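Visitor: Encoded as structure tokens, here's the structure I'll be asking about.
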Amino acid sequence: MKFKAEIDIMPLKALLDPQGKTVTSNMTNVGIQGVEDVRIGKHVQMSLEAGSLEEAKAKVEEACKKLLANPIMESFTFEVIAE
Amino acid sequence: MHFGVITFPGSNCDQDMIYTLETTLGQKVSTLWHKDSELGDIDVVVLPGGFSYGDYLRSGAIARFSPIMQSVIEFANKGGWVIGVCNGFQILCETGLLPGALMHNSSHRFICKNVELKAVSKKNAISAGLTQEQTYTIPIAHGEGKYFVDSDTLEQMEANDQILFRYCNAEGVVDESSNPNGSLDNIAGVSNAGHNVIGMMPHPERAADANLKNEDGVALFRSFIQRAGKVG
């Protein structure tokens with residue numbers, strides 16, 4: 001079966017996100033008021049083959065832990081759907 | 001000593017490292033390729049600076065899965081000497097051979113300039129031979145050099161003398177204004193608990209030739225060779 005995963009990788013909440021801070025402070029420069037906080041991470045789309053939804057989720061989780069995210073500075077969440 | 005310098009796709013400080021070790025310090029150097037699986041008969045493996053695999057995903061994240069890294073991990077776990085500079089430091093953190101991670105600089109800019117370093121560990125081969133009476137001027141060149149580690153691990157590292165260098169000012173004062181990239185406690189270099197795996201963001205190999213008008217980096221290599229050579 002084919003599955004599609006949508007993965008979000010974000011800097012840990014406890015850590016300063018300098019990219020997000022810079023974007024936040026520049027919102028007023030482009031005329032947008034009231035933006036209090038921006039945090040910037042990565043979005044990964046993955047297509048995969050697996051025997052079941054559980055197996056697909058396990059593969060995506062393993063990919064996040066081993067390669068896509070560094071748990072020291074990032075957290076991840078994902079959704080997997082059958083195609 | 002016999003050094004092995006690894007070239008990854010995107011390494012750009014490998015030749016500087018080889019020149020410094022061979023020509024300036026008179027050491028034997030073998031070149032290693034990321035696809036090699038054997039390290040050969042070496043005493044020290046060096047992971048040089050650069051932008052391995054284009055820094056895709058995170059600096060060092062892809063390089064850690066190079067074929068040669070499995071041999072580097074086994075070598076390190078047996079007590080072999082491993083030195084990572086800049087991108088090499090990032091790879092060693094991603095591999096888990098060193099604690100912590102290198103994040104984007106606080107300024108979110110690539111920083112290329114000379115910084116002052118204070119030697120901290122009196123135990124580690126690369127810093128034990130350095131004096132506390134002076135600072136060492138060594139260049140940095142990185143976008144992701146902000147060292148971070150959780151507080152429990154930091155406490156263990158402090159207790160075990162694993163902090164090698166801190167960023168400081170010309171008077172040797174470690175403070176926020178002398179922290180170029182937002183590193184935790186101005187940390188510029190660390191070792192593992194066994195003291196045989198060394199990582200640092202500044203480039204001593206870029207400050208090791210009279211023509212560059214800065215030879216402060218030589219003292220770090222001499223300290224290492226004198227001490228590691230005895231044990232190894």
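Each chain of the structure tokens is named A, B, ... in the order shown, its residues numbered from 1; ligands are numbered from 1 in display order.
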So which residues touch Ile187 of chain B within 9 Å, counting only C-alpha atoms, skipping near sequence neighbours fewer than 4 positions away, as a ChimeraX atom specification?
Guide: /B:146-148,163-167,179,183,200
Visitor: Please dump the current selection as a PDB file, in the first residue's frame; keep N, CA and C atoms.
Guide:
ATOM      1  N   LYS B 146      26.315  27.759  16.996  1.00  0.00           N
ATOM      2  CA  LYS B 146      25.819  28.077  18.344  1.00  0.00           C
ATOM      3  C   LYS B 146      25.674  26.779  19.127  1.00  0.00           C
ATOM      4  N   TYR B 147      26.607  26.556  20.034  1.00  0.00           N
ATOM      5  CA  TYR B 147      26.612  25.288  20.759  1.00  0.00           C
ATOM      6  C   TYR B 147      25.480  25.250  21.778  1.00  0.00           C
ATOM      7  N   PHE B 148      24.785  24.138  21.797  1.00  0.00           N
ATOM      8  CA  PHE B 148      23.713  23.950  22.783  1.00  0.00           C
ATOM      9  C   PHE B 148      23.759  22.530  23.320  1.00  0.00           C
ATOM     10  N   ILE B 163      34.903  20.762  28.721  1.00  0.00           N
ATOM     11  CA  ILE B 163      34.858  22.027  27.983  1.00  0.00           C
ATOM     12  C   ILE B 163      36.304  22.376  27.622  1.00  0.00           C
ATOM     13  N   LEU B 164      36.572  22.490  26.318  1.00  0.00           N
ATOM     14  CA  LEU B 164      37.956  22.698  25.866  1.00  0.00           C
ATOM     15  C   LEU B 164      38.290  24.174  25.689  1.00  0.00           C
ATOM     16  N   PHE B 165      37.395  24.907  25.036  1.00  0.00           N
ATOM     17  CA  PHE B 165      37.644  26.327  24.733  1.00  0.00           C
ATOM     18  C   PHE B 165      36.377  27.140  24.948  1.00  0.00           C
ATOM     19  N   ARG B 166      36.610  28.403  25.375  1.00  0.00           N
ATOM     20  CA  ARG B 166      35.494  29.358  25.424  1.00  0.00           C
ATOM     21  C   ARG B 166      35.888  30.605  24.646  1.00  0.00           C
ATOM     22  N   TYR B 167      34.897  31.239  24.016  1.00  0.00           N
ATOM     23  CA  TYR B 167      35.118  32.524  23.354  1.00  0.00           C
ATOM     24  C   TYR B 167      35.311  33.577  24.442  1.00  0.00           C
ATOM     25  N   ASN B 179      30.961  36.663  22.785  1.00  0.00           N
ATOM     26  CA  ASN B 179      30.322  35.444  22.277  1.00  0.00           C
ATOM     27  C   ASN B 179      29.827  35.709  20.852  1.00  0.00           C
ATOM     28  N   SER B 183      26.636  30.843  21.532  1.00  0.00           N
ATOM     29  CA  SER B 183      26.889  29.532  22.144  1.00  0.00           C
ATOM     30  C   SER B 183      26.632  29.559  23.647  1.00  0.00           C
ATOM     31  N   MET B 200      35.645  21.332  17.767  1.00  0.00           N
ATOM     32  CA  MET B 200      35.707  22.782  17.978  1.00  0.00           C
ATOM     33  C   MET B 200      35.260  23.516  16.721  1.00  0.00           C
TER      34      MET B 200
END
Visitor: Pull out every residue of chain A that has at least one atom within 10 Å of chain B, counting only C-alpha atoms, and report them as a ChimeraX atom specification.
Guide: /A:11,15-19,21-22,42,66-73
Visitor: How would the residues just picked look written out with C-alpha atoms as a PDB file, in the first residue's frame?
Guide:
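Dumped to part.pdb:
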ATOM      1  CA  PRO A  11      12.812  24.096  16.963  1.00  0.00           C
ATOM      2  CA  LEU A  15      15.061  27.354  22.481  1.00  0.00           C
ATOM      3  CA  LEU A  16      15.370  30.737  20.855  1.00  0.00           C
ATOM      4  CA  ASP A  17      14.438  30.601  17.179  1.00  0.00           C
ATOM      5  CA  PRO A  18      16.516  33.452  15.714  1.00  0.00           C
ATOM      6  CA  GLN A  19      14.978  33.051  12.257  1.00  0.00           C
ATOM      7  CA  LYS A  21      12.501  36.346  15.846  1.00  0.00           C
ATOM      8  CA  THR A  22      13.963  38.168  12.834  1.00  0.00           C
ATOM      9  CA  LYS A  42      10.553  22.536   8.271  1.00  0.00           C
ATOM     10  CA  LYS A  66      17.305   8.837  12.850  1.00  0.00           C
ATOM     11  CA  LEU A  67      17.652  11.560  10.241  1.00  0.00           C
ATOM     12  CA  LEU A  68      15.013  14.229   9.763  1.00  0.00           C
ATOM     13  CA  ALA A  69      15.050  15.768  13.251  1.00  0.00           C
ATOM     14  CA  ASN A  70      17.752  16.246  15.875  1.00  0.00           C
ATOM     15  CA  PRO A  71      16.030  15.674  19.241  1.00  0.00           C
ATOM     16  CA  ILE A  72      18.546  17.901  21.015  1.00  0.00           C
ATOM     17  CA  MET A  73      17.144  20.963  19.275  1.00  0.00           C
TER      18      MET A  73
END
Visitor: Determine which residues of segment 4-78 of chain A receive a DSSP assignment of strand (DSSP E or B), computed from the backbone, and state them as an NGL selection string.
Guide: :A and (4-11 or 42-49 or 74-78)
Visitor: Pick from A:Val38, A:Leu12, A:Ile32, A:Ala82: nearest to Gly51 of chain A, with only C-alpha atoms counted?
Guide: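 Among A:Val38, A:Leu12, A:Ile32, A:Ala82, it is A:Ala82 that comes nearest to Gly51 of chain A.
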Visitor: Work out how far atom CA of Pro139 of chain B is from atom CA of Gln15 of chain B, in Å to one decimal.
Guide: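 For atom CA of Gln15 of chain B relative to atom CA of Pro139 of chain B, the distance reads 16.5 Å.
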Visitor: Might you pull out every residue within 9 Å of segment 110-114 of chain B, with only C-alpha atoms counted and same-chain residues fewer than 6 positions away left off, and present them as a count of residues only?
Guide: 12
Visitor: Might you pull out every residue within 10 Å of Lys59 of chain A, with only C-alpha atoms counted and same-chain residues fewer than 6 positions away left off, and present them as a PyMOL selection string?
Guide: chain A and resi 48-50+53+65
Visitor: What's the separation between atom CA of Gly26 of chain B and atom CA of Ile126 of chain B, in Å to one decimal place?
Guide: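 Going from atom CA of Gly26 of chain B over to atom CA of Ile126 of chain B, I get 17.0 Å.
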Visitor: Running DSSP on the backbone, which parts of segment 53-178 of chain B land in helix (DSSP H, G or I), as a VMD selection string?
Guide: chain B and resid 53 to 55 63 to 65 67 to 77 87 to 95 151 to 159 176 to 178
Visitor: Write the residues of the selection above to a file with C-alpha atoms, as a short mmCIF file (atom, residue, chain, number, x, y, z; two decimals), in the first residue's frame.
Guide:
data_model
loop_
_atom_site.label_atom_id
_atom_site.label_comp_id
_atom_site.auth_asym_id
_atom_site.auth_seq_id
_atom_site.Cartn_x
_atom_site.Cartn_y
_atom_site.Cartn_z
CA TYR B 53 26.47 17.38 1.45
CA GLY B 54 25.65 21.06 1.06
CA ASP B 55 24.62 21.27 4.74
CA ALA B 63 27.63 13.08 6.45
CA ARG B 64 27.15 11.04 9.61
CA PHE B 65 25.74 8.25 7.43
CA PRO B 67 30.30 4.69 4.85
CA ILE B 68 33.47 5.84 6.63
CA MET B 69 31.58 7.11 9.68
CA GLN B 70 30.82 3.59 10.92
CA SER B 71 34.59 3.00 11.08
CA VAL B 72 35.10 6.37 12.80
CA ILE B 73 32.50 5.44 15.45
CA GLU B 74 34.17 2.07 16.08
CA PHE B 75 37.61 3.73 16.18
CA ALA B 76 36.39 6.34 18.68
CA ASN B 77 34.65 3.78 20.85
CA ASN B 87 31.73 21.00 9.97
CA GLY B 88 33.70 18.11 11.48
CA PHE B 89 32.46 19.18 14.93
CA GLN B 90 28.89 19.32 13.59
CA ILE B 91 29.23 15.81 12.15
CA LEU B 92 30.58 14.44 15.45
CA CYS B 93 27.62 15.96 17.33
CA GLU B 94 25.13 14.55 14.81
CA THR B 95 26.82 11.16 15.13
CA SER B 151 21.69 21.58 31.48
CA ASP B 152 22.11 18.12 33.03
CA THR B 153 24.61 17.09 30.35
CA LEU B 154 26.41 20.43 30.67
CA GLU B 155 26.81 19.87 34.39
CA GLN B 156 28.34 16.43 33.78
CA MET B 157 30.62 17.87 31.11
CA GLU B 158 31.83 20.62 33.46
CA ALA B 159 32.48 18.09 36.23
CA GLU B 176 28.38 37.94 26.36
CA SER B 177 30.04 40.61 24.22
CA SER B 178 32.80 38.17 23.24
#
Visitor: Which residues are close to Ser47 of chain A, i.e. within 7 Å by only C-alpha atoms, leaving aside same-chain residues fewer than 3 positions away? Reply as a list in words.
Guide: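 Residues meeting the cut-off are Phe3, Lys4 and Ala5 of chain A.
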Visitor: Please compute the atom CA of Lys28 of chain B-atom CA of Ile42 of chain B distance, one decimal, in Å.
Guide: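 Going from atom CA of Lys28 of chain B over to atom CA of Ile42 of chain B covers 9.1 Å.
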Visitor: Would you mind telling me which residue in A:Ile40, A:Ile7, A:Met27, A:Met46 lies nearest to Glu79 of chain A when using only C-alpha atoms?
Guide: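 Distance minimum relative to Glu79 of chain A lands on A:Ile7.
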Visitor: So that I can check the surroundings of Phe224 of chain B, please list as a ChimeraX atom specification every protein, DNA and RNA residue that reaches within 12 Å of it, counting only C-alpha atoms and ignoring chain neighbours fewer than 4 positions away.
Guide: /B:1,3,21,25,43-44,81-83,122-130,195-198,204,217-220,228-232
